[in-house]
Number of protein chains: 2
Amino acid sequence: MTVKTTVNGVDVDKLMETIDLLGRQPELGTFKFRTNNSWIDGTYNRAENPSALGPAASERAVPHTHDIDEPPVLLGEDRGANPVEYLLAGLSGCVTTTFIAYAAAQGVKIDELRTELDGDIDVRAFLGITHDVRPGYQSIRIKFHVKSDAPEAKIRELMKLAERRSPVAESVRNGVPLEFTLA
Amino acid sequence: MTVKTTVNGVDVDKLMETIDLLGRQPELGTFKFRTNNSWIDGTYNRAENPSALGPAASERAVPHTHDIDEPPVLLGEDRGANPVEYLLAGLSGCVTTTFIAYAAAQGVKIDELRTELDGDIDVRAFLGITHDVRPGYQSIRIKFHVKSDAPEAKIRELMKLAERRSPVAESVRNGVPLEFTLA
């Protein structure tokens, strides 16, 4: 008979086994994530995530799909969140999962976790009206709301881990080389 | 009687009016985009985009929601795309819309546009197994598939505009300051 150790809904035994396995076989840690996007009309397009490709990953039977559009004020019909909102969504999910996973690994029970994100963009740069501001986000704020019996110092330590080790947070903070090619 | 000028599904008259308006009233270009995320269980959480907040933006009646999870190999149940896939989805939508909008503004008709993105992550850094690689994307490739009667030089010029002026592409390439706070 085996007892499964689960904290915050994370299977801690499997997490530790994964850490042990990737420590011994580093090549299993290499993932290639993918998105295919098809333009539909105007500001409307659809992205699909077919799978993570990696030595230890498998194809999805059905890809996850995302409808992407702009609100009317930005010439769309709001048939989906817009691209910069998708970036915030991914960022919110990543800091959440990183926080929860590290809490689980340390045996820290979290009762509730919400995050509120907001970021500033001056759309004049996108529209080519000015070159005095960047087209992207000028800054992004991430506010954590945490319910837990753990001391505040522990919560702040977990937030710091989420800030440093979340793949999306680290990508967005430090930047990623992008390579554009024409098929 | 008015004739509406639409190219690639983009209302070019409205686009030019918007550019003219924001040129005269720069404060209307300032947007605040938002995401609220609620952790559900383990690697599963849900992000909501309630609206873009800006002088010219309005609340949505119903927010766009995004289920976020990890695949089984990363301790989840694949109830949604994972956070780093959401980043790619947003990036794909942003370069697509930027390309299409600039083509429309220049009267360049695009018959078809697809993009394929992939990016490399070594999950050992996220798991704290190594500090020799970054937790985020090491690089991201974006391949354009374009059907259009326009000459290849024009397509490459539009791709360059998408690379430079897409808010998500510019954010991800150059990085964005992130500010974490505890409520």
# chains A, B, ... in the order shown; residues from 1 in each chain; ligands from 1

$ residues_around --residues "Asp132 (chain A)" --least-positions-apart "4" --cutoff "12 Å" --atoms "only C-alpha atoms" --output "ChimeraX atom specification"
/A:122-126,128 /B:26

$ write_last_selection --atoms "N, CA and C atoms" --output "mmCIF file, in the first residue's frame"
data_model
loop_
_atom_site.group_PDB
_atom_site.id
_atom_site.type_symbol
_atom_site.label_atom_id
_atom_site.label_comp_id
_atom_site.auth_asym_id
_atom_site.auth_seq_id
_atom_site.Cartn_x
_atom_site.Cartn_y
_atom_site.Cartn_z
ATOM 1 N N ASP A 122 1.184 52.432 -24.536
ATOM 2 C CA ASP A 122 0.765 53.591 -25.324
ATOM 3 C C ASP A 122 0.635 53.126 -26.777
ATOM 4 N N VAL A 123 -0.602 52.985 -27.239
ATOM 5 C CA VAL A 123 -0.817 52.393 -28.563
ATOM 6 C C VAL A 123 -0.362 53.306 -29.707
ATOM 7 N N ARG A 124 0.038 54.535 -29.387
ATOM 8 C CA ARG A 124 0.536 55.416 -30.449
ATOM 9 C C ARG A 124 1.809 54.857 -31.097
ATOM 10 N N ALA A 125 2.612 54.135 -30.330
ATOM 11 C CA ALA A 125 3.848 53.578 -30.903
ATOM 12 C C ALA A 125 3.522 52.463 -31.897
ATOM 13 N N PHE A 126 2.561 51.612 -31.536
ATOM 14 C CA PHE A 126 2.105 50.561 -32.457
ATOM 15 C C PHE A 126 1.585 51.175 -33.758
ATOM 16 N N GLY A 128 2.470 53.855 -35.104
ATOM 17 C CA GLY A 128 3.482 54.620 -35.835
ATOM 18 C C GLY A 128 3.352 56.128 -35.677
ATOM 19 N N PRO B 26 -2.857 62.892 -27.599
ATOM 20 C CA PRO B 26 -1.964 61.784 -27.221
ATOM 21 C C PRO B 26 -2.449 61.013 -25.998
#

$ select_by_dssp --residues "region 136-172 of chain B" --states "strand (DSSP E or B)" --output "list in words"
Ile140, Arg141, Ile142, Lys143, Phe144, His145, Val146 and Lys147 of chain B

$ write_last_selection --atoms "C-alpha atoms" --output "PDB file, in the first residue's frame"
ATOM      1  CA  ILE B 140      11.656  31.833 -30.095  1.00  0.00           C
ATOM      2  CA  ARG B 141      11.305  31.306 -33.859  1.00  0.00           C
ATOM      3  CA  ILE B 142       8.417  32.810 -35.856  1.00  0.00           C
ATOM      4  CA  LYS B 143       7.884  31.527 -39.379  1.00  0.00           C
ATOM      5  CA  PHE B 144       5.504  33.432 -41.668  1.00  0.00           C
ATOM      6  CA  HIS B 145       3.506  31.730 -44.418  1.00  0.00           C
ATOM      7  CA  VAL B 146       1.993  34.435 -46.630  1.00  0.00           C
ATOM      8  CA  LYS B 147      -0.206  34.257 -49.728  1.00  0.00           C
TER       9      LYS B 147
END

$ residues_around --residues "region 149-155 of chain A" --least-positions-apart "5" --cutoff "10 Å" --atoms "only C-alpha atoms" --output "VMD selection string"
(chain A and resid 99 103 108 to 111 144 160 to 161) or (chain B and resid 182)

$ select_by_dssp --residues "region 76-161 of chain A" --states "alpha helix (DSSP H)" --output "PyMOL selection string"
chain A and resi 83-105+123-126+152-161

$ residues_around --residues "region 27-42 of chain B" --least-positions-apart "6" --cutoff "7 Å" --atoms "only C-alpha atoms" --output "PyMOL selection string"
(chain A and resi 8-10+85+88-89+92+96+100+113-124) or (chain B and resi 48-56)

$ atom_distance --atom1 "CA of Val172 (chain B)" --atom2 "CA of Leu75 (chain A)"
23.6 Å

$ closest_residue --among "A:His66, A:Thr130, A:Glu112, A:Val95" --to "Arg24 (chain B)" --atoms "only C-alpha atoms"
A:Thr130

$ closest_residue --among "B:Gly175, B:Pro135, B:Gly93, B:Gly23" --to "Tyr44 (chain A)" --atoms "only C-alpha atoms"
B:Gly93

$ atom_distance --atom1 "CA of Ala47 (chain A)" --atom2 "CA of Tyr86 (chain B)"
9.3 Å

$ residues_around --residues "Ala169 (chain B)" --least-positions-apart "4" --cutoff "7 Å" --atoms "only C-alpha atoms" --output "ChimeraX atom specification"
/B:91,95,163,173

$ closest_residue --among "B:Pro83, B:Arg134, B:Thr98, B:Asp69" --to "chain A" --atoms "only C-alpha atoms"
B:Pro83

$ atom_distance --atom1 "CA of Asp11 (chain A)" --atom2 "CA of Ala104 (chain A)"
8.4 Å

$ residues_around --residues "Ile68 (chain A)" --least-positions-apart "5" --cutoff "6 Å" --atoms "only C-alpha atoms" --output "PDB file with all heavy atoms, in the first residue's frame"
ATOM      1  N   TYR A  44      -8.819  39.634 -36.265  1.00  0.00           N
ATOM      2  CA  TYR A  44      -9.271  38.360 -35.705  1.00  0.00           C
ATOM      3  C   TYR A  44      -8.377  37.230 -36.200  1.00  0.00           C
ATOM      4  O   TYR A  44      -8.189  37.077 -37.418  1.00  0.00           O
ATOM      5  CB  TYR A  44     -10.724  38.134 -36.128  1.00  0.00           C
ATOM      6  CG  TYR A  44     -11.436  36.939 -35.536  1.00  0.00           C
ATOM      7  CD1 TYR A  44     -11.171  36.468 -34.263  1.00  0.00           C
ATOM      8  CD2 TYR A  44     -12.436  36.296 -36.275  1.00  0.00           C
ATOM      9  CE1 TYR A  44     -11.847  35.389 -33.732  1.00  0.00           C
ATOM     10  CE2 TYR A  44     -13.138  35.214 -35.754  1.00  0.00           C
ATOM     11  CZ  TYR A  44     -12.835  34.760 -34.486  1.00  0.00           C
ATOM     12  OH  TYR A  44     -13.510  33.694 -33.964  1.00  0.00           O
ATOM     13  N   ASN A  45      -7.827  36.454 -35.301  1.00  0.00           N
ATOM     14  CA  ASN A  45      -7.035  35.286 -35.673  1.00  0.00           C
ATOM     15  C   ASN A  45      -7.138  34.223 -34.590  1.00  0.00           C
ATOM     16  O   ASN A  45      -7.702  34.470 -33.520  1.00  0.00           O
ATOM     17  CB  ASN A  45      -5.577  35.679 -35.960  1.00  0.00           C
ATOM     18  CG  ASN A  45      -4.906  36.346 -34.782  1.00  0.00           C
ATOM     19  OD1 ASN A  45      -4.516  35.677 -33.823  1.00  0.00           O
ATOM     20  ND2 ASN A  45      -4.797  37.679 -34.833  1.00  0.00           N
ATOM     21  N   ARG A  46      -6.643  33.038 -34.891  1.00  0.00           N
ATOM     22  CA  ARG A  46      -6.794  31.923 -33.947  1.00  0.00           C
ATOM     23  C   ARG A  46      -5.459  31.215 -33.760  1.00  0.00           C
ATOM     24  O   ARG A  46      -4.804  30.847 -34.742  1.00  0.00           O
ATOM     25  CB  ARG A  46      -7.845  30.930 -34.456  1.00  0.00           C
ATOM     26  CG  ARG A  46      -8.116  29.762 -33.490  1.00  0.00           C
ATOM     27  CD  ARG A  46      -9.323  28.954 -33.916  1.00  0.00           C
ATOM     28  NE  ARG A  46     -10.535  29.755 -33.804  1.00  0.00           N
ATOM     29  CZ  ARG A  46     -11.533  29.747 -34.685  1.00  0.00           C
ATOM     30  NH1 ARG A  46     -11.467  28.987 -35.760  1.00  0.00           N
ATOM     31  NH2 ARG A  46     -12.590  30.507 -34.490  1.00  0.00           N
ATOM     32  N   GLY A  80     -12.345  37.765 -28.901  1.00  0.00           N
ATOM     33  CA  GLY A  80     -11.425  37.088 -27.987  1.00  0.00           C
ATOM     34  C   GLY A  80     -10.593  38.154 -27.306  1.00  0.00           C
ATOM     35  O   GLY A  80     -10.661  39.333 -27.675  1.00  0.00           O
ATOM     36  N   ALA A  81      -9.835  37.751 -26.295  1.00  0.00           N
ATOM     37  CA  ALA A  81      -8.885  38.681 -25.677  1.00  0.00           C
ATOM     38  C   ALA A  81      -7.880  39.134 -26.731  1.00  0.00           C
ATOM     39  O   ALA A  81      -7.701  38.475 -27.756  1.00  0.00           O
ATOM     40  CB  ALA A  81      -8.165  38.007 -24.511  1.00  0.00           C
ATOM     41  N   ASN A  82      -7.246  40.260 -26.497  1.00  0.00           N
ATOM     42  CA  ASN A  82      -6.270  40.706 -27.498  1.00  0.00           C
ATOM     43  C   ASN A  82      -4.866  40.193 -27.137  1.00  0.00           C
ATOM     44  O   ASN A  82      -4.650  39.630 -26.053  1.00  0.00           O
ATOM     45  CB  ASN A  82      -6.364  42.221 -27.705  1.00  0.00           C
ATOM     46  CG  ASN A  82      -5.577  43.023 -26.719  1.00  0.00           C
ATOM     47  OD1 ASN A  82      -5.110  42.500 -25.719  1.00  0.00           O
ATOM     48  ND2 ASN A  82      -5.437  44.307 -26.990  1.00  0.00           N
TER      49      ASN A  82
END

$ closest_residue --among "B:Gln106, B:Leu87, B:Leu158, B:Val133" --to "chain A" --atoms "only C-alpha atoms"
B:Leu87

$ closest_residue --among "B:Thr43, B:Val62, B:Glu179, B:Arg156" --to "Tyr102 (chain A)" --atoms "only C-alpha atoms"
B:Thr43
